$ cat final.cif   # mmCIF, C-alpha atoms
data_structure
loop_
_atom_site.label_atom_id
_atom_site.label_comp_id
_atom_site.auth_asym_id
_atom_site.auth_seq_id
_atom_site.Cartn_x
_atom_site.Cartn_y
_atom_site.Cartn_z
CA MET U 1 13.72 17.02 -8.28
CA SER U 2 13.11 20.51 -6.88
CA LEU U 3 15.89 23.04 -6.65
CA SER U 4 17.29 24.02 -3.25
CA ILE U 5 17.59 27.80 -3.38
CA ASP U 6 20.13 27.70 -0.55
CA HIS U 7 22.30 25.32 -2.55
CA ALA U 8 21.93 27.44 -5.70
CA LEU U 9 22.95 30.52 -3.68
CA LYS U 10 26.02 28.72 -2.36
CA ILE U 11 27.06 27.81 -5.91
CA ALA U 12 26.41 31.34 -7.19
CA ILE U 13 28.51 32.85 -4.41
CA ALA U 14 31.38 30.46 -5.12
CA ALA U 15 31.18 31.27 -8.83
CA ALA U 16 31.11 35.03 -8.20
CA GLU U 17 34.06 34.91 -5.83
CA SER U 18 36.06 32.77 -8.26
CA ALA U 19 35.36 35.25 -11.06
CA GLY U 20 36.24 38.15 -8.76
CA GLN U 21 39.63 36.60 -8.08
CA ILE U 22 40.24 36.37 -11.82
CA LEU U 23 39.32 40.03 -12.24
CA ARG U 24 41.71 41.09 -9.48
CA GLU U 25 44.55 39.01 -10.89
CA MET U 26 44.10 40.35 -14.43
CA LEU U 27 43.44 43.99 -13.50
CA GLU U 28 46.79 45.30 -14.73
CA THR U 29 47.34 42.89 -17.62
CA ALA U 30 43.96 42.40 -19.33
CA SER U 31 43.85 43.11 -23.06
CA VAL U 32 41.05 45.36 -24.34
CA ARG U 33 39.04 45.62 -27.54
CA GLU U 34 35.84 47.34 -28.68
CA LYS U 35 32.72 45.25 -29.29
CA ALA U 36 31.10 48.43 -30.60
CA PRO U 37 32.04 52.14 -30.39
CA LYS U 38 32.81 52.93 -26.72
CA ASP U 39 31.62 49.45 -25.70
CA LEU U 40 34.65 47.60 -24.34
CA VAL U 41 35.41 43.98 -23.56
CA THR U 42 38.57 42.49 -22.05
CA ASP U 43 39.96 39.00 -21.85
CA ALA U 44 39.22 39.27 -18.13
CA ASP U 45 35.48 39.45 -18.95
CA LEU U 46 35.83 36.27 -20.99
CA ALA U 47 37.90 34.40 -18.41
CA ALA U 48 35.56 35.37 -15.58
CA GLN U 49 32.48 34.27 -17.51
CA ALA U 50 34.08 30.96 -18.45
CA ALA U 51 34.79 30.27 -14.78
CA ILE U 52 31.23 31.15 -13.75
CA GLU U 53 29.65 29.08 -16.50
CA LYS U 54 31.81 26.05 -15.72
CA ARG U 55 30.95 26.22 -12.00
CA ILE U 56 27.22 26.69 -12.49
CA MET U 57 26.63 24.35 -15.42
CA SER U 58 28.63 21.53 -13.85
CA GLU U 59 26.24 21.74 -10.91
CA PHE U 60 23.05 22.42 -12.88
CA PRO U 61 23.51 20.91 -16.37
CA SER U 62 19.81 21.14 -17.25
CA HIS U 63 19.66 24.90 -16.65
CA VAL U 64 20.09 27.62 -19.30
CA PHE U 65 23.02 30.06 -19.09
CA LEU U 66 22.91 33.60 -20.52
CA GLY U 67 26.07 35.67 -20.05
CA GLU U 68 27.03 39.03 -21.49
CA GLU U 69 29.77 37.38 -23.53
CA SER U 70 27.64 34.42 -24.65
CA LEU U 71 27.00 36.01 -28.07
CA ILE U 72 23.31 35.12 -27.92
CA ALA U 73 21.20 37.41 -30.11
CA PRO U 74 18.53 39.56 -28.37
CA GLU U 75 15.76 37.89 -30.34
CA GLN U 76 16.69 34.64 -28.59
CA TRP U 77 16.47 36.07 -25.07
CA GLU U 78 12.69 35.67 -24.84
CA GLU U 79 13.00 32.02 -25.78
CA LEU U 80 15.61 31.52 -23.08
CA SER U 81 13.38 33.21 -20.51
CA ARG U 82 10.74 30.52 -21.09
CA ASN U 83 12.99 27.89 -19.57
CA GLU U 84 12.23 26.88 -16.00
CA TYR U 85 15.70 27.88 -14.80
CA CYS U 86 17.84 30.53 -16.50
CA TRP U 87 21.06 31.97 -15.10
CA VAL U 88 21.69 35.58 -16.17
CA VAL U 89 25.31 36.64 -15.69
CA ASP U 90 27.50 39.69 -16.13
CA PRO U 91 31.08 38.57 -15.42
CA LEU U 92 32.29 42.18 -15.29
CA ASP U 93 29.75 44.95 -14.85
CA GLY U 94 31.66 48.19 -15.22
CA THR U 95 34.21 47.22 -17.85
CA VAL U 96 35.24 50.80 -18.65
CA ASN U 97 35.98 51.37 -14.96
CA TYR U 98 37.96 48.13 -14.93
CA VAL U 99 40.01 49.15 -17.96
CA HIS U 100 40.92 52.41 -16.21
CA GLN U 101 41.55 50.58 -12.91
CA LEU U 102 38.77 52.56 -11.25
CA PRO U 103 37.56 50.28 -8.44
CA ASN U 104 33.83 50.35 -9.14
CA PHE U 105 32.96 47.13 -10.96
CA ALA U 106 31.38 43.85 -10.02
CA VAL U 107 30.38 40.32 -10.90
CA SER U 108 26.61 39.91 -11.18
CA ILE U 109 24.75 36.59 -11.13
CA ALA U 110 20.98 36.03 -11.10
CA LEU U 111 18.84 32.93 -11.31
CA MET U 112 15.41 33.18 -12.89
CA ARG U 113 12.75 30.52 -12.42
CA ASN U 114 9.85 30.67 -14.87
CA ASN U 115 10.95 34.24 -15.73
CA GLN U 116 10.95 35.40 -12.09
CA ILE U 117 14.21 36.38 -10.38
CA VAL U 118 14.67 34.11 -7.38
CA LEU U 119 18.34 34.67 -6.55
CA GLY U 120 20.77 37.56 -6.91
CA VAL U 121 24.49 37.80 -6.16
CA VAL U 122 26.66 40.85 -6.80
CA PHE U 123 30.31 40.70 -5.78
CA ASP U 124 32.67 43.70 -5.68
CA PRO U 125 36.11 42.05 -5.72
CA MET U 126 38.06 45.21 -4.88
CA ALA U 127 36.04 46.08 -1.79
CA SER U 128 35.39 42.41 -0.91
CA GLU U 129 31.69 43.19 -0.68
CA LEU U 130 29.23 40.39 -1.39
CA PHE U 131 25.59 41.42 -1.87
CA THR U 132 23.05 38.59 -1.90
CA ALA U 133 19.31 38.09 -1.96
CA THR U 134 16.77 35.33 -2.46
CA GLN U 135 13.12 35.85 -3.28
CA GLY U 136 11.30 36.47 0.01
CA GLY U 137 14.48 35.99 2.00
CA GLY U 138 15.80 39.54 2.39
CA SER U 139 19.02 41.20 1.24
CA PHE U 140 22.47 40.95 2.76
CA LEU U 141 25.93 42.50 2.56
CA ASN U 142 28.64 40.08 3.68
CA GLY U 143 25.99 38.15 5.59
CA LYS U 144 24.41 41.10 7.41
CA GLY U 145 20.90 42.28 6.55
CA ILE U 146 20.58 45.58 4.68
CA ARG U 147 17.72 48.01 4.05
CA ALA U 148 17.16 50.94 1.72
CA SER U 149 17.30 54.45 3.17
CA VAL U 150 14.28 56.33 4.53
CA VAL U 151 14.73 59.30 2.17
CA GLY U 152 11.34 60.32 0.81
CA SER U 153 11.99 63.42 -1.28
CA LEU U 154 14.12 64.10 -4.33
CA GLU U 155 15.69 67.23 -2.88
CA GLU U 156 17.23 65.07 -0.14
CA ALA U 157 18.29 62.23 -2.43
CA MET U 158 21.57 61.15 -3.93
CA VAL U 159 20.65 59.64 -7.30
CA ALA U 160 22.64 57.60 -9.81
CA VAL U 161 22.13 57.15 -13.55
CA SER U 162 23.54 54.95 -16.29
CA PHE U 163 24.11 56.16 -19.84
CA PRO U 164 24.42 53.88 -22.88
CA PRO U 165 27.85 53.69 -24.57
CA GLN U 166 26.67 55.85 -27.46
CA VAL U 167 24.84 58.91 -26.11
CA ARG U 168 24.01 61.93 -28.28
CA ARG U 169 23.53 65.56 -27.32
CA ASP U 170 19.78 65.20 -27.90
CA SER U 171 19.43 61.86 -26.09
CA ILE U 172 16.67 61.55 -23.52
CA GLU U 173 19.31 60.61 -20.94
CA ILE U 174 20.83 64.09 -21.24
CA GLN U 175 17.47 65.79 -20.67
CA GLN U 176 16.74 63.52 -17.73
CA PHE U 177 20.16 64.13 -16.24
CA ILE U 178 19.60 67.90 -16.32
CA GLU U 179 16.16 67.68 -14.71
CA VAL U 180 17.30 65.36 -11.92
CA LEU U 181 20.47 67.41 -11.37
CA LEU U 182 18.31 70.47 -10.73
CA CYS U 183 15.83 68.69 -8.45
CA SER U 184 17.96 66.29 -6.42
CA GLN U 185 20.52 66.80 -3.68
CA SER U 186 23.20 65.22 -5.86
CA ILE U 187 23.61 62.98 -8.89
CA ARG U 188 26.25 60.40 -9.79
CA ARG U 189 27.23 58.30 -12.79
CA LEU U 190 29.31 55.54 -11.20
CA GLY U 191 29.59 53.04 -14.03
CA SER U 192 28.11 49.80 -12.68
CA ALA U 193 24.36 49.22 -12.85
CA ALA U 194 24.62 46.19 -10.57
CA LEU U 195 26.41 48.14 -7.84
CA ASN U 196 24.05 51.11 -8.23
CA LEU U 197 21.13 48.84 -7.38
CA CYS U 198 23.03 47.33 -4.46
CA TYR U 199 23.87 50.81 -3.19
CA VAL U 200 20.16 51.69 -3.25
CA ALA U 201 19.62 48.49 -1.27
CA ASN U 202 21.96 49.49 1.54
CA GLY U 203 21.37 53.24 1.54
CA ARG U 204 24.54 54.54 -0.09
CA LEU U 205 22.31 55.78 -2.90
CA ASP U 206 18.68 56.79 -2.57
CA ALA U 207 17.62 56.20 -6.17
CA TYR U 208 18.80 55.01 -9.58
CA TRP U 209 17.43 55.00 -13.09
CA ALA U 210 18.53 53.85 -16.52
CA ASN U 211 17.03 53.63 -19.99
CA SER U 212 19.26 51.26 -21.94
CA LEU U 213 20.37 48.21 -20.01
CA LYS U 214 20.79 44.52 -20.73
CA PRO U 215 19.23 41.83 -18.50
CA TRP U 216 22.61 40.78 -17.10
CA ASP U 217 23.28 44.36 -15.97
CA VAL U 218 20.35 44.46 -13.57
CA ALA U 219 18.84 41.05 -12.85
CA GLY U 220 20.95 40.31 -9.77
CA GLY U 221 20.94 43.82 -8.35
CA ALA U 222 17.21 44.29 -8.91
CA LEU U 223 16.28 41.47 -6.55
CA ILE U 224 18.76 42.75 -3.97
CA ALA U 225 17.14 46.21 -4.11
CA LEU U 226 13.61 44.81 -3.93
CA GLU U 227 14.38 42.53 -1.00
CA ALA U 228 15.93 45.49 0.83
CA GLY U 229 12.62 47.36 0.64
CA ALA U 230 13.28 49.61 -2.35
CA ALA U 231 10.50 50.57 -4.76
CA LEU U 232 11.54 49.21 -8.15
CA THR U 233 9.71 49.29 -11.49
CA GLY U 234 10.30 49.99 -15.13
CA LEU U 235 10.39 53.63 -16.18
CA ASP U 236 6.71 53.30 -17.12
CA ARG U 237 5.85 52.39 -13.49
CA LYS U 238 4.95 48.85 -14.58
CA ARG U 239 6.38 45.75 -12.96
CA PHE U 240 10.13 45.55 -13.40
CA ASP U 241 11.16 43.29 -16.28
CA PRO U 242 14.91 42.73 -16.79
CA TRP U 243 14.31 42.02 -20.49
CA ASN U 244 12.88 45.51 -21.13
CA GLY U 245 16.14 47.41 -20.67
CA ASN U 246 15.05 50.11 -18.20
CA VAL U 247 14.70 50.50 -14.46
CA LEU U 248 13.65 53.00 -11.82
CA ALA U 249 14.65 52.18 -8.24
CA ALA U 250 14.13 54.36 -5.18
CA ALA U 251 14.40 53.99 -1.42
CA SER U 252 10.72 54.80 -0.88
CA THR U 253 7.47 54.95 -2.83
CA SER U 254 7.27 58.72 -2.40
CA LEU U 255 10.79 59.22 -3.75
CA HIS U 256 10.03 56.80 -6.60
CA GLU U 257 6.95 58.83 -7.54
CA GLU U 258 8.79 62.16 -7.38
CA LEU U 259 11.69 60.90 -9.47
CA HIS U 260 9.29 59.42 -12.03
CA LYS U 261 7.54 62.79 -12.39
CA CYS U 262 10.91 64.49 -12.84
CA LEU U 263 11.87 62.05 -15.58
CA GLU U 264 8.50 62.59 -17.26
CA ILE U 265 9.18 66.34 -17.39
CA ALA U 266 12.38 65.60 -19.30
CA LYS U 267 10.54 63.22 -21.63
CA ASN U 268 7.82 65.75 -22.41
CA SER U 269 10.37 68.52 -22.80
CA GLY U 270 12.20 66.44 -25.40
CA LYS U 271 8.98 65.92 -27.37
CA SER U 272 8.30 69.64 -27.54
CA ASN U 273 11.73 70.49 -28.96
#

$ encode --input "final.cif" --output "structure tokens"
Amino acid sequence: MSLSIDHALKIAIAAAESAGQILREMLETASVREKAPKDLVTDADLAAQAAIEKRIMSEFPSHVFLGEESLIAPEQWEELSRNEYCWVVDPLDGTVNYVHQLPNFAVSIALMRNNQIVLGVVFDPMASELFTATQGGGSFLNGKGIRASVVGSLEEAMVAVSFPPQVRRDSIEIQQFIEVLLCSQSIRRLGSAALNLCYVANGRLDAYWANSLKPWDVAGGALIALEAGAALTGLDRKRFDPWNGNVLAAASTSLHEELHKCLEIAKNSGKSN
């Protein structure tokens, strides 16, 4: 029996909104611990993921579920990706923001079919903003179609970046940040990869890059950006792969190319030091 993508989207939206309600309700009471240095998790993450998994797996029991809090080792991810249907979920993207009650965090849900992203849902529970996309079906914010901006040059672009939890003074991210800061109109580190990609999709940001991400950080937002007309690849300009841990998204191909060259300057500068 073939999957109805419209039905899957309906279930994903319901799951995201249910998780978002949990996040709102637990915002001031959630307990916090470190999974690793500077890498936080709360009981709200766990409760939100449990709600999402229950909703999705009760509807699609033959599918595979990969959530940030699933405790599945990275070496098993490739095996999971071979399944026909794999849900990739971040119940709380932007946990550090959440812990500090900074309202920039989201629930991210993606469905992959034969290792291709076919559905993306990102829900910001504080702003009540629901970003959705299906493969070939366009991108939407609260049901209205969205498109990336028309910005074509880096000097006119507002760009966002994500840093890993443990970043050193000599990390490539620092060199890249400096180069882009000098070349762009403005640069931001907002704290949610999923929302960064959605903001590229609807023109709030013009570009976004990151070096060290997990598949659940970007799978949902990547499809939303692509379906909104953004140019999106890995940092090596190859086809975007959520399992590779890096992404370069831009509103236009010319901006994508200019940002890539800027990042390459930082990379080459780091090699010469």

$ closest_atom_pairs --input "final.cif" --of "region 94-123 of chain U" --to "region 185-206 of chain U" --cutoff "9 Å" --atoms "only C-alpha atoms" --output "JSON lines"
{"residue": "U:Gly94", "atom": "CA", "partner": "U:Ser192", "partner_atom": "CA", "distance": 4.7}
{"residue": "U:Thr95", "atom": "CA", "partner": "U:Gly191", "partner_atom": "CA", "distance": 8.4}
{"residue": "U:Val96", "atom": "CA", "partner": "U:Gly191", "partner_atom": "CA", "distance": 7.6}
{"residue": "U:Asn97", "atom": "CA", "partner": "U:Gly191", "partner_atom": "CA", "distance": 6.7}
{"residue": "U:Asn104", "atom": "CA", "partner": "U:Ser192", "partner_atom": "CA", "distance": 6.7}
{"residue": "U:Phe105", "atom": "CA", "partner": "U:Ser192", "partner_atom": "CA", "distance": 5.8}
{"residue": "U:Ala106", "atom": "CA", "partner": "U:Leu195", "partner_atom": "CA", "distance": 6.9}
{"residue": "U:Val107", "atom": "CA", "partner": "U:Ala194", "partner_atom": "CA", "distance": 8.2}
{"residue": "U:Ser108", "atom": "CA", "partner": "U:Ala194", "partner_atom": "CA", "distance": 6.6}
{"residue": "U:Val122", "atom": "CA", "partner": "U:Ala194", "partner_atom": "CA", "distance": 6.8}
{"residue": "U:Phe123", "atom": "CA", "partner": "U:Leu195", "partner_atom": "CA", "distance": 8.6}

$ axis_aligned_box --input "final.cif" --around "region 233-238 of chain U" --padding-each-side "3 Å" --output "AutoDock Vina command-line options"
--center_x 7.7 --center_y 51.2 --center_z -14.3 --size_x 11.4 --size_y 10.8 --size_z 11.6

$ closest_residue --input "final.cif" --among "U:Ser212, U:Ser171, U:Thr132, U:Ser70" --to "Ala110 (chain U)" --atoms "all atoms listed in the file"
U:Thr132

$ closest_residue --input "final.cif" --among "U:Glu28, U:Asp43, U:Asp236, U:Glu78" --to "Asn211 (chain U)" --atoms "all atoms listed in the file"
U:Asp236

$ residues_near_point --input "final.cif" --point "(28.8, 32.3, -9.9)" --cutoff "7 Å" --atoms "all atoms listed in the file" --output "count of residues only"
10

$ closest_residue --input "final.cif" --among "U:Glu59, U:Glu79, U:Glu227, U:Asp90" --to "Gln135 (chain U)" --atoms "only C-alpha atoms"
U:Glu227

$ resolve_selection --input "final.cif" --expression "the PyMOL selection byres ((chain U and resi 84-87) around 6)" --output "JSON, numbers by chain"
{"U": [63, 64, 65, 66, 83, 88, 110, 111, 112, 113, 114]}

$ residues_near_point --input "final.cif" --point "(36.7, 41.8, -10.5)" --cutoff "10 Å" --atoms "all atoms listed in the file" --output "PyMOL selection string"
chain U and resi 16-27+44-45+48+91-95+98+103-107+123-128

$ resolve_selection --input "final.cif" --expression "the PyMOL selection byres ((chain U and resi 220) around 6)" --output "PyMOL selection string"
chain U and resi 108-110+120-121+218-219+221-223

$ closest_atom_pairs --input "final.cif" --of "region 135-215 of chain U" --to "region 238-241 of chain U" --cutoff "12 Å" --atoms "all atoms listed in the file" --output "Markdown table"
| residue | atom | partner | partner_atom | distance |
| --- | --- | --- | --- | --- |
| U:Trp209 | CA | U:Phe240 | CA | 11.9 |
| U:Leu213 | CA | U:Asp241 | CA | 11.1 |
| U:Lys214 | CA | U:Asp241 | CA | 10.7 |
| U:Pro215 | CA | U:Asp241 | CA | 8.5 |
